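Undergrad: Contents are compact mmCIF, C-alpha atoms; file name run-v5.txt:
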# COMPACT_ATOMS: atom_id res chain seq x y z
CA MET B 3 -72.08 97.59 -85.02
CA ASN B 4 -70.05 100.12 -87.01
CA ALA B 5 -71.66 102.86 -89.04
CA ASP B 6 -70.07 102.48 -92.47
CA HIS B 7 -69.57 106.18 -93.06
CA GLU B 8 -67.78 106.59 -89.74
CA ALA B 9 -65.79 103.35 -89.60
CA VAL B 10 -62.77 105.35 -90.74
CA LEU B 11 -62.81 107.14 -87.37
CA LEU B 12 -62.06 104.01 -85.35
CA GLY B 13 -58.78 104.30 -83.48
CA GLN B 14 -57.91 107.68 -85.00
CA SER B 15 -56.46 110.38 -82.76
CA GLY B 16 -59.01 113.18 -82.27
CA SER B 17 -61.86 111.16 -83.81
CA ARG B 18 -64.13 111.82 -80.80
CA ALA B 19 -64.49 115.41 -82.01
CA ARG B 20 -65.13 114.33 -85.63
CA LEU B 21 -68.29 112.31 -85.07
CA THR B 22 -71.38 113.34 -87.01
CA THR B 23 -73.52 115.22 -84.50
CA PRO B 24 -75.76 114.93 -82.62
CA ALA B 25 -73.91 111.85 -81.38
CA LEU B 26 -74.39 109.72 -78.28
CA ILE B 27 -70.94 109.27 -76.75
CA LEU B 28 -70.13 106.50 -74.29
CA ASP B 29 -66.84 106.95 -72.41
CA LEU B 30 -65.70 103.37 -71.85
CA ASP B 31 -63.14 104.25 -69.17
CA ALA B 32 -65.84 105.97 -67.09
CA LEU B 33 -68.37 103.21 -67.81
CA GLU B 34 -65.97 100.50 -66.67
CA ALA B 35 -65.12 102.49 -63.54
CA ASN B 36 -68.82 102.69 -62.65
CA VAL B 37 -69.33 98.97 -63.25
CA ALA B 38 -66.35 98.19 -61.02
CA THR B 39 -67.46 100.60 -58.28
CA MET B 40 -70.94 99.08 -58.06
CA ALA B 41 -69.56 95.53 -58.26
CA ALA B 42 -67.21 96.23 -55.36
CA TYR B 43 -70.06 97.79 -53.38
CA SER B 44 -72.22 94.73 -53.99
CA HIS B 45 -69.43 92.36 -52.97
CA GLN B 46 -68.49 94.29 -49.84
CA THR B 47 -72.06 94.76 -48.60
CA GLY B 48 -73.50 91.41 -49.66
CA LEU B 49 -76.29 93.15 -51.53
CA GLY B 50 -77.09 91.47 -54.84
CA LEU B 51 -77.27 93.50 -58.04
CA ARG B 52 -79.63 92.89 -60.95
CA PRO B 53 -79.12 96.18 -62.83
CA HIS B 54 -81.89 97.63 -64.94
CA ALA B 55 -81.28 97.48 -68.70
CA LYS B 56 -83.99 100.05 -69.39
CA THR B 57 -81.20 102.58 -68.82
CA HIS B 58 -78.68 101.39 -71.38
CA LYS B 59 -80.65 98.91 -73.57
CA SER B 60 -77.31 97.38 -74.49
CA PRO B 61 -76.30 93.70 -74.41
CA ASP B 62 -72.66 94.85 -74.47
CA ILE B 63 -73.07 96.83 -71.24
CA ALA B 64 -75.16 94.08 -69.65
CA GLN B 65 -72.41 91.56 -70.32
CA LEU B 66 -69.89 93.82 -68.60
CA GLN B 67 -72.17 94.04 -65.57
CA VAL B 68 -72.75 90.29 -65.36
CA LYS B 69 -69.06 89.56 -65.85
CA ALA B 70 -68.37 91.87 -62.89
CA GLY B 71 -70.72 89.87 -60.67
CA ALA B 72 -74.30 90.99 -61.33
CA LEU B 73 -76.89 88.28 -60.66
CA GLY B 74 -78.60 88.97 -63.96
CA ILE B 75 -80.35 91.86 -65.64
CA THR B 76 -83.69 93.59 -65.08
CA CYS B 77 -85.73 94.65 -68.13
CA ALA B 78 -88.79 96.85 -68.54
CA THR B 79 -90.02 95.32 -71.81
CA LEU B 80 -90.07 91.92 -73.43
CA GLY B 81 -88.09 93.34 -76.34
CA GLU B 82 -85.29 94.27 -73.96
CA ALA B 83 -85.49 90.85 -72.34
CA GLU B 84 -85.31 89.08 -75.70
CA ALA B 85 -82.24 91.12 -76.65
CA MET B 86 -80.52 90.16 -73.38
CA VAL B 87 -81.44 86.48 -73.69
CA GLU B 88 -80.24 86.42 -77.30
CA ALA B 89 -76.90 87.72 -75.99
CA GLY B 90 -76.67 84.74 -73.62
CA ILE B 91 -77.48 86.58 -70.39
CA ALA B 92 -79.12 84.50 -67.64
CA GLY B 93 -81.16 85.69 -64.69
CA VAL B 94 -83.35 88.16 -66.57
CA LEU B 95 -86.21 89.71 -64.59
CA VAL B 96 -88.98 91.62 -66.40
CA SER B 97 -90.15 94.32 -64.00
CA SER B 98 -93.43 95.20 -65.73
CA PRO B 99 -96.60 93.08 -65.92
CA MET B 100 -97.31 91.44 -69.29
CA VAL B 101 -101.03 90.75 -69.65
CA THR B 102 -102.07 90.45 -73.31
CA ALA B 103 -102.32 86.97 -74.82
CA ALA B 104 -99.54 87.69 -77.31
CA LYS B 105 -97.14 88.90 -74.63
CA VAL B 106 -97.98 86.05 -72.25
CA GLU B 107 -97.07 83.62 -75.04
CA ARG B 108 -93.79 85.48 -75.64
CA VAL B 109 -92.99 85.27 -71.92
CA ALA B 110 -93.45 81.49 -72.02
CA ARG B 111 -91.23 81.13 -75.09
CA ILE B 112 -88.47 83.15 -73.42
CA ALA B 113 -88.80 81.15 -70.20
CA ALA B 114 -88.45 77.88 -72.12
CA ARG B 115 -84.97 78.83 -73.34
CA ALA B 116 -83.64 81.29 -70.77
CA GLU B 117 -81.98 80.21 -67.54
CA GLY B 118 -83.47 81.81 -64.43
CA PHE B 119 -86.05 83.92 -66.29
CA MET B 120 -88.61 85.74 -64.10
CA ILE B 121 -91.44 88.22 -64.54
CA ILE B 122 -93.54 90.23 -62.11
CA VAL B 123 -97.27 89.79 -61.54
CA ASP B 124 -99.79 91.58 -59.35
CA ASP B 125 -102.95 89.79 -60.43
CA ALA B 126 -104.13 86.23 -59.88
CA GLY B 127 -105.70 85.96 -63.33
CA ASN B 128 -102.46 87.02 -64.97
CA ALA B 129 -100.55 84.49 -62.84
CA GLU B 130 -102.87 81.73 -64.04
CA ALA B 131 -102.44 82.81 -67.66
CA GLN B 132 -98.67 82.84 -67.30
CA ALA B 133 -98.78 79.37 -65.75
CA ALA B 134 -100.95 77.94 -68.54
CA ALA B 135 -98.64 79.33 -71.23
CA ALA B 136 -95.57 78.04 -69.39
CA ARG B 137 -97.06 74.54 -69.06
CA ALA B 138 -97.81 74.52 -72.79
CA VAL B 139 -94.11 74.87 -73.63
CA GLY B 140 -92.74 72.84 -70.73
CA ALA B 141 -91.28 75.83 -68.89
CA ASN B 142 -91.06 76.56 -65.18
CA LEU B 143 -91.54 80.33 -65.02
CA GLY B 144 -90.48 82.35 -62.01
CA LEU B 145 -93.18 84.77 -60.85
CA VAL B 146 -92.19 87.71 -58.67
CA ILE B 147 -95.03 89.50 -56.91
CA ASP B 148 -94.96 93.25 -57.41
CA ILE B 149 -95.68 95.21 -54.21
CA GLU B 150 -97.01 98.77 -54.17
CA VAL B 151 -94.83 100.91 -51.91
CA GLY B 152 -95.49 104.43 -53.17
CA CYS B 153 -94.93 104.55 -56.91
CA GLU B 154 -98.65 104.01 -57.63
CA ARG B 155 -97.94 102.33 -60.94
CA SER B 156 -98.46 98.62 -60.34
CA GLY B 157 -98.31 96.18 -57.46
CA VAL B 158 -100.64 94.53 -54.94
CA VAL B 159 -101.80 97.00 -52.31
CA SER B 160 -102.11 94.90 -49.15
CA ILE B 161 -100.19 92.24 -47.27
CA ASP B 162 -103.21 89.94 -47.34
CA GLU B 163 -103.41 90.16 -51.16
CA ALA B 164 -99.69 89.52 -51.52
CA CYS B 165 -99.85 86.44 -49.31
CA ALA B 166 -102.90 85.08 -51.10
CA LEU B 167 -101.20 85.51 -54.46
CA ALA B 168 -98.00 83.86 -53.22
CA ARG B 169 -99.95 80.84 -51.99
CA ARG B 170 -101.78 80.57 -55.30
CA ILE B 171 -98.55 80.73 -57.32
CA ALA B 172 -96.89 78.14 -55.09
CA ALA B 173 -99.78 75.75 -55.69
CA THR B 174 -99.84 76.19 -59.48
CA GLU B 175 -97.99 73.95 -61.93
CA GLY B 176 -95.79 75.69 -64.50
CA VAL B 177 -94.75 78.58 -62.29
CA ARG B 178 -92.81 79.04 -59.08
CA PHE B 179 -92.95 81.73 -56.40
CA ALA B 180 -89.65 83.51 -57.05
CA GLY B 181 -89.96 86.42 -54.61
CA ILE B 182 -91.23 89.97 -54.35
CA GLN B 183 -90.39 93.26 -56.02
CA ALA B 184 -90.84 96.76 -54.60
CA TYR B 185 -89.85 99.99 -56.32
CA ASP B 186 -90.70 103.57 -55.44
CA GLY B 187 -89.71 105.68 -58.41
CA SER B 188 -91.18 108.82 -56.88
CA VAL B 189 -88.22 109.30 -54.51
CA GLN B 190 -85.23 108.36 -56.69
CA ALA B 191 -84.44 111.90 -57.85
CA ILE B 192 -84.65 113.64 -54.46
CA PRO B 193 -81.18 115.22 -54.08
CA SER B 194 -80.94 114.94 -50.28
CA TYR B 195 -79.89 111.53 -48.96
CA GLN B 196 -81.66 112.16 -45.64
CA GLU B 197 -84.88 113.25 -47.31
CA ARG B 198 -84.89 110.21 -49.56
CA GLN B 199 -84.23 107.99 -46.57
CA GLY B 200 -87.16 109.47 -44.68
CA SER B 201 -89.47 108.97 -47.65
CA LEU B 202 -88.50 105.29 -47.95
CA THR B 203 -88.79 104.32 -44.26
CA ALA B 204 -92.50 103.45 -44.31
CA GLY B 205 -92.11 101.25 -47.39
CA HIS B 206 -89.22 99.37 -45.82
CA GLY B 207 -91.30 98.69 -42.71
CA TYR B 208 -94.17 97.43 -44.84
CA LEU B 209 -91.89 95.05 -46.75
CA ARG B 210 -90.39 93.77 -43.51
CA ALA B 211 -93.87 92.92 -42.22
CA LEU B 212 -94.75 91.22 -45.50
CA LYS B 213 -91.61 89.09 -45.41
CA GLU B 214 -92.48 87.96 -41.90
CA ARG B 215 -96.01 86.98 -42.95
CA LEU B 216 -94.75 85.05 -45.96
CA ALA B 217 -92.17 83.24 -43.84
CA ALA B 218 -94.89 82.27 -41.36
CA LEU B 219 -96.83 80.73 -44.27
CA GLY B 220 -93.76 78.70 -45.24
CA LEU B 221 -93.16 80.93 -48.28
CA PRO B 222 -90.13 83.08 -47.49
CA PRO B 223 -89.43 85.10 -50.66
CA PRO B 224 -86.31 83.78 -52.42
CA ILE B 225 -85.52 87.31 -53.61
CA VAL B 226 -86.61 90.78 -52.54
CA SER B 227 -85.76 92.95 -55.52
CA GLY B 228 -86.19 96.63 -56.27
CA GLY B 229 -84.73 100.03 -55.59
CA GLY B 230 -82.75 102.18 -57.97
CA THR B 231 -79.68 104.37 -58.30
CA GLY B 232 -81.18 106.94 -55.95
CA SER B 233 -82.19 104.48 -53.24
CA HIS B 234 -79.87 101.47 -53.42
CA ASP B 235 -77.64 102.52 -50.50
CA ILE B 236 -80.69 103.30 -48.34
CA ASP B 237 -82.31 100.01 -49.38
CA ARG B 238 -79.13 98.18 -48.37
CA ALA B 239 -79.13 99.81 -44.94
CA SER B 240 -82.74 98.75 -44.37
CA GLY B 241 -81.79 95.08 -44.50
CA VAL B 242 -85.01 94.28 -46.37
CA PHE B 243 -83.74 93.73 -49.91
CA THR B 244 -81.66 90.84 -51.16
CA GLU B 245 -80.86 92.68 -54.42
CA VAL B 246 -81.29 96.04 -56.11
CA GLN B 247 -82.12 97.03 -59.68
CA ALA B 248 -80.08 100.25 -59.95
CA GLY B 249 -79.53 101.13 -63.59
CA SER B 250 -78.60 104.77 -64.21
CA TYR B 251 -75.42 104.54 -62.11
CA VAL B 252 -73.65 102.88 -65.03
CA VAL B 253 -73.64 106.05 -67.17
CA LEU B 254 -75.04 108.74 -64.83
CA ASP B 255 -77.02 111.84 -65.84
CA ALA B 256 -77.82 115.31 -64.55
CA ILE B 257 -80.47 113.93 -62.18
CA TYR B 258 -78.17 111.63 -60.25
CA HIS B 259 -75.09 113.79 -60.62
CA ALA B 260 -76.98 116.33 -58.50
CA GLY B 261 -77.82 113.82 -55.76
CA HIS B 262 -76.03 112.46 -52.67
CA LEU B 263 -76.01 108.74 -53.52
CA TRP B 264 -74.12 107.03 -50.67
CA HIS B 265 -74.31 107.87 -46.98
CA ASP B 266 -70.54 108.33 -46.86
CA ARG B 267 -69.85 109.46 -50.44
CA THR B 268 -71.76 111.98 -52.52
CA HIS B 269 -70.41 111.04 -55.96
CA PRO B 270 -69.32 107.38 -56.13
CA PHE B 271 -70.01 107.26 -59.89
CA VAL B 272 -68.73 109.40 -62.75
CA PRO B 273 -70.47 110.68 -65.91
CA ALA B 274 -69.94 108.30 -68.82
CA LEU B 275 -72.63 109.41 -71.27
CA PHE B 276 -72.71 112.59 -73.33
CA VAL B 277 -74.45 114.04 -76.34
CA ALA B 278 -72.06 115.80 -78.70
CA THR B 279 -73.43 118.76 -80.66
CA THR B 280 -71.85 121.16 -83.12
CA VAL B 281 -72.14 124.95 -83.13
CA THR B 282 -73.79 125.76 -86.47
CA SER B 283 -74.23 129.54 -86.20
CA ALA B 284 -72.65 132.35 -84.16
CA SER B 285 -74.14 135.32 -85.98
CA HIS B 286 -76.06 136.66 -82.99
CA PRO B 287 -74.35 138.48 -80.09
CA GLY B 288 -74.38 136.59 -76.79
CA PHE B 289 -75.41 133.15 -78.01
CA VAL B 290 -74.74 130.47 -80.60
CA THR B 291 -76.96 127.86 -82.23
CA THR B 292 -76.24 124.12 -82.23
CA ASP B 293 -77.57 121.09 -84.09
CA ALA B 294 -79.04 119.30 -81.05
CA GLY B 295 -82.58 120.27 -80.13
CA LEU B 296 -85.65 118.54 -78.73
CA LYS B 297 -85.02 115.41 -80.83
CA ALA B 298 -81.53 114.92 -79.37
CA PHE B 299 -82.41 114.86 -75.64
CA ALA B 300 -85.16 113.65 -73.36
CA THR B 301 -86.91 116.82 -72.20
CA ASP B 302 -88.70 115.63 -69.06
CA SER B 303 -85.90 116.81 -66.75
CA GLY B 304 -84.95 120.17 -68.20
CA PRO B 305 -82.04 121.11 -70.44
CA PRO B 306 -78.71 119.27 -70.53
CA ILE B 307 -75.65 120.39 -68.60
CA LEU B 308 -72.83 121.72 -70.76
CA TRP B 309 -69.81 119.57 -69.95
CA ARG B 310 -66.99 120.18 -72.42
CA GLY B 311 -66.09 122.79 -75.01
CA VAL B 312 -67.58 125.98 -73.53
CA PRO B 313 -66.96 128.29 -70.54
CA ALA B 314 -68.22 127.04 -67.17
CA ASP B 315 -70.91 129.73 -66.96
CA ALA B 316 -72.52 128.84 -70.31
CA THR B 317 -76.09 127.51 -70.39
CA TYR B 318 -78.08 125.41 -72.85
CA SER B 319 -81.68 125.88 -73.97
CA PHE B 320 -83.87 124.22 -76.58
CA MET B 321 -84.69 126.19 -79.73
CA GLY B 322 -86.83 123.67 -81.58
CA ASP B 323 -86.72 120.12 -82.88
CA GLU B 324 -83.25 120.30 -84.41
CA HIS B 325 -81.59 123.25 -82.68
CA GLY B 326 -80.22 124.26 -79.31
CA ARG B 327 -78.84 127.51 -77.97
CA ILE B 328 -75.71 128.07 -75.90
CA THR B 329 -75.61 131.38 -74.06
CA THR B 330 -72.41 132.73 -72.53
CA ALA B 331 -72.15 135.43 -69.89
CA ASP B 332 -69.44 137.18 -71.88
CA PRO B 333 -70.28 137.47 -75.61
CA ALA B 334 -66.57 137.32 -76.35
CA ASP B 335 -66.51 133.75 -74.98
CA LYS B 336 -69.03 132.30 -77.39
CA PRO B 337 -67.69 129.33 -79.36
CA ALA B 338 -67.15 129.58 -83.10
CA PRO B 339 -69.07 127.66 -85.76
CA GLY B 340 -67.77 124.12 -86.05
CA THR B 341 -66.97 123.86 -82.34
CA VAL B 342 -68.05 120.49 -80.89
CA VAL B 343 -69.61 120.71 -77.42
CA GLU B 344 -70.46 117.77 -75.16
CA CYS B 345 -73.49 117.76 -72.86
CA LEU B 346 -74.34 115.65 -69.83
CA THR B 347 -77.79 114.23 -70.55
CA PRO B 348 -80.67 115.54 -68.41
CA HIS B 349 -82.23 112.04 -68.13
CA CYS B 350 -80.17 109.16 -69.49
CA ASP B 351 -82.78 106.43 -70.05
CA PRO B 352 -85.12 108.22 -72.50
CA THR B 353 -82.22 110.08 -74.12
CA ILE B 354 -80.48 106.79 -74.96
CA ASN B 355 -83.74 105.53 -76.44
CA LEU B 356 -83.53 108.29 -79.09
CA TYR B 357 -80.36 106.81 -80.62
CA ASP B 358 -79.52 103.63 -82.54
CA ARG B 359 -75.96 103.29 -81.28
CA TYR B 360 -73.31 104.43 -78.87
CA ALA B 361 -70.09 105.93 -80.18
CA CYS B 362 -67.68 104.31 -77.73
CA VAL B 363 -64.59 106.35 -76.91
CA ARG B 364 -61.39 106.14 -74.92
CA GLY B 365 -59.86 109.55 -74.45
CA ASP B 366 -60.12 111.43 -77.74
CA ARG B 367 -60.47 108.29 -79.89
CA VAL B 368 -63.58 106.50 -81.12
CA VAL B 369 -62.91 102.79 -80.58
CA ASP B 370 -66.23 101.09 -81.40
CA PHE B 371 -69.95 101.49 -82.04
CA TRP B 372 -72.40 99.53 -79.89
CA ARG B 373 -75.99 98.74 -80.82
CA ILE B 374 -78.86 100.07 -78.71
CA ALA B 375 -81.77 97.60 -78.53
CA ARG B 376 -84.53 100.14 -78.92
CA GLY B 377 -87.80 99.89 -80.83
CA ARG B 378 -88.47 96.45 -79.31
CA TRP B 379 -91.49 96.03 -77.06
Can the structure in the file be given as structure tokens, please?

TA:
Amino acid sequence: MNADHEAVLLGQSGSRARLTTPALILDLDALEANVATMAAYSHQTGLGLRPHAKTHKSPDIAQLQVKAGALGITCATLGEAEAMVEAGIAGVLVSSPMVTAAKVERVARIAARAEGFMIIVDDAGNAEAQAAAARAVGANLGLVIDIEVGCERSGVVSIDEACALARRIAATEGVRFAGIQAYDGSVQAIPSYQERQGSLTAGHGYLRALKERLAALGLPPPIVSGGGTGSHDIDRASGVFTEVQAGSYVVLDAIYHAGHLWHDRTHPFVPALFVATTVTSASHPGFVTTDAGLKAFATDSGPPILWRGVPADATYSFMGDEHGRITTADPADKPAPGTVVECLTPHCDPTINLYDRYACVRGDRVVDFWRIARGRW
């Protein structure tokens, strides 16, 4: 999807710095390197990958991931799932419960036309509703039981409940027991690998016990899915999971750039996503004003990291909806009006959701614009 007023930039030398700002920049060389790194990791370790599209919300990126060997794509919303299915992607897993009548009907319609479609449940009544809707359209919907392991967001809270729900699903026409999901989002951003590992140990033991109980009932889970960018290497080492849902690795952000992600490698992935902003005023001593404020970044994880175009000691702060401030230690180093500065996003997922498109670049050239499937629920 090309923006008409910027189509002239495509392929032009230096066009990266001529984008209308704020602009969401996707470095395709870095993106492709991250896709290849995770694909090689998955192949070498035998750990499946069903990356989470809630990070990028892009069928273009999802297709790159699947082409590189991903089992499918995980989605947080039905709108994301519909966008992925419309792009021809199989093996979509919706990782949030869908309980209203309208959404249950949408789930069934997707399942009727999408190969390998699955959705999580943590409630018997919801499982029955999903089954009835699936039967009505002739679908065989995969139900994955969500297991609470520390996130305290959704998921059955005991092994007995999980086993009872698995047996009920297995005995119900229109649905199949597709496996279990477990995700602890509360530990993903802990910078220390060892500390994250310690926080996840109890959950891994719980899942191991659940798998054993299900196997004893003749219902070994076909998949054990979960984890994220912060935990995928620890989840692999546990031997509990068959696949992981890591998503942010594909573009990276300040959260994960600060963390130790692999036991033997701190930074296996490289930043691929930036917000470009322009200096609009330098009239004050010691700082300059930019055109990217609270509306240009997710603000739940602090300010962005200045990445290109300013001295290494410069810092960024928010100055309102439309404005940011760059402060330099030496007033003589402050950038002039018109200077384009690129920032590493503080939290990639909600920042991406603020934009309609990626400006895709290679080096200093804009080479394409990719649609972001936001505003779909």

Undergrad: Which neighbours of Gly152 in chain B fall inside 8 Å, counting all atoms listed in the file, when residues of the same chain fewer than 4 positions from it are skipped, and could you give them as a compact mmCIF listing (two decimals) with C-alpha atoms, in the frame of the given file?

TA:
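Now in around_4.txt:
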# COMPACT_ATOMS: atom_id res chain seq x y z
CA TYR B 185 -89.85 99.99 -56.32
CA ASP B 186 -90.70 103.57 -55.44
CA GLY B 187 -89.71 105.68 -58.41
CA SER B 188 -91.18 108.82 -56.88
CA GLY B 205 -92.11 101.25 -47.39

Undergrad: Given only C-alpha atoms as the basis, pick out the residue of B:Ala25, B:Leu209, B:Val246, B:Ala110 nearest to Ser97 in chain B.

TA: B:Val246

Undergrad: Pick out the closest residue to Gly311 in chain B from this set: B:Cys362, B:Cys345, B:Leu33, B:Ala164. Count all atoms listed in the file.

TA: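 Closest to Gly311 in chain B of all the choices is B:Cys345.
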
Undergrad: So, counting all atoms listed in the file, which residue among B:Ala135, B:Val159, B:Ile236, B:Ala184 is closest to Asp266 in chain B?

TA: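 Closest candidate: B:Ile236.
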
Undergrad: Can you pull out every residue within 8 Å of Tyr258 in chain B, counting all atoms listed in the file, but drop anything in the same chain fewer than 6 positions away, and send it as a list in words?

TA: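 Here the qualifying residues turn out to be Ala191, Pro193, Thr231, Gly232, Ser250 and Tyr251 of chain B.
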
Undergrad: Looking at all atoms listed in the file, which of B:Val177, B:Ile354, B:Leu26, B:Ala248 is the one that sits closest to Ser44 in chain B?

TA: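 Of B:Val177, B:Ile354, B:Leu26, B:Ala248, the one nearest Ser44 in chain B, counting all atoms listed in the file, is B:Ala248.
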
Undergrad: B:Thr282, B:Gln46, B:Thr23, B:Gln14: which is nearest Tyr357 in chain B, counting only C-alpha atoms?

TA: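 Answer, going by the shortest atom-to-atom distance: B:Thr23.
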
Undergrad: Quick one: residues within 6 Å of range 55-62 of chain B, only C-alpha atoms counted, chain neighbours fewer than 2 positions away excluded, as a list in words?

TA: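 Near range 55-62 of chain B, the qualifying residues are Ala64, Gln65, Thr76, Cys77, Ala78, Met86, Gly249, Ser250, Asp351, Ile374 and Ala375 of chain B.
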
Undergrad: So the first atom is CA of His265 in chain B and the second is CA of Leu202 in chain B; what is the distance between them in Å, to one decimal place?

TA: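 Between these atoms lies a distance of 14.5 Å.
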
Undergrad: Just the number, please: distance in Å from CA of Ile171 in chain B to CA of Ala129 in chain B, one decimal.

TA: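 Calculated distance between CA of Ile171 in chain B and CA of Ala129 in chain B is 7.0 Å.
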
Undergrad: Counting all atoms listed in the file, which residue out of B:Leu296, B:Ala126, B:Ala361, B:Ala284 sits closest to Thr329 in chain B?

TA: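 Looking at the shortest contact to Thr329 in chain B, the residue is B:Ala284.
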
Undergrad: Any idea what's packed within 9 Å of Ala114 in chain B, counting all atoms listed in the file, ignoring anything in its chain fewer than 3 positions away? Could you give it as a PyMOL selection string?

TA: chain B and resi 109-111+117+119+136+139-143

Undergrad: Residues near Lys336 in chain B, anyone? I mean within 12 Å using all atoms listed in the file, not counting same-chain ones fewer than 4 positions away, as an mmCIF file with C-alpha atoms, in the frame of the given file.

TA:
data_model
loop_
_atom_site.group_PDB
_atom_site.id
_atom_site.type_symbol
_atom_site.label_atom_id
_atom_site.label_comp_id
_atom_site.auth_asym_id
_atom_site.auth_seq_id
_atom_site.Cartn_x
_atom_site.Cartn_y
_atom_site.Cartn_z
ATOM 1 C CA VAL B 281 -72.140 124.950 -83.130
ATOM 2 C CA SER B 283 -74.230 129.540 -86.200
ATOM 3 C CA ALA B 284 -72.650 132.350 -84.160
ATOM 4 C CA SER B 285 -74.140 135.320 -85.980
ATOM 5 C CA HIS B 286 -76.060 136.660 -82.990
ATOM 6 C CA PRO B 287 -74.350 138.480 -80.090
ATOM 7 C CA GLY B 288 -74.380 136.590 -76.790
ATOM 8 C CA PHE B 289 -75.410 133.150 -78.010
ATOM 9 C CA VAL B 290 -74.740 130.470 -80.600
ATOM 10 C CA THR B 291 -76.960 127.860 -82.230
ATOM 11 C CA THR B 292 -76.240 124.120 -82.230
ATOM 12 C CA GLY B 311 -66.090 122.790 -75.010
ATOM 13 C CA VAL B 312 -67.580 125.980 -73.530
ATOM 14 C CA PRO B 313 -66.960 128.290 -70.540
ATOM 15 C CA ALA B 314 -68.220 127.040 -67.170
ATOM 16 C CA ASP B 315 -70.910 129.730 -66.960
ATOM 17 C CA ALA B 316 -72.520 128.840 -70.310
ATOM 18 C CA THR B 317 -76.090 127.510 -70.390
ATOM 19 C CA ARG B 327 -78.840 127.510 -77.970
ATOM 20 C CA ILE B 328 -75.710 128.070 -75.900
ATOM 21 C CA THR B 329 -75.610 131.380 -74.060
ATOM 22 C CA THR B 330 -72.410 132.730 -72.530
ATOM 23 C CA ALA B 331 -72.150 135.430 -69.890
ATOM 24 C CA ASP B 332 -69.440 137.180 -71.880
ATOM 25 C CA GLY B 340 -67.770 124.120 -86.050
ATOM 26 C CA THR B 341 -66.970 123.860 -82.340
ATOM 27 C CA VAL B 343 -69.610 120.710 -77.420
#

Undergrad: Tell me, in Å to one decimal, how far CA of Thr102 in chain B is from CA of Gln132 in chain B.

TA: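 Those two atoms sit 10.3 Å apart.
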
Undergrad: Can you report as lines of an AutoDock Vina configuration file the centre and edge lengths in Å, to one decimal, of an axis-aligned box around the listed atoms of range 352-368 of chain B padded with 6 Å on each side?

TA:
center_x = -72.5
center_y = 107.4
center_z = -77.5
size_x = 37.3
size_y = 20.1
size_z = 22.0
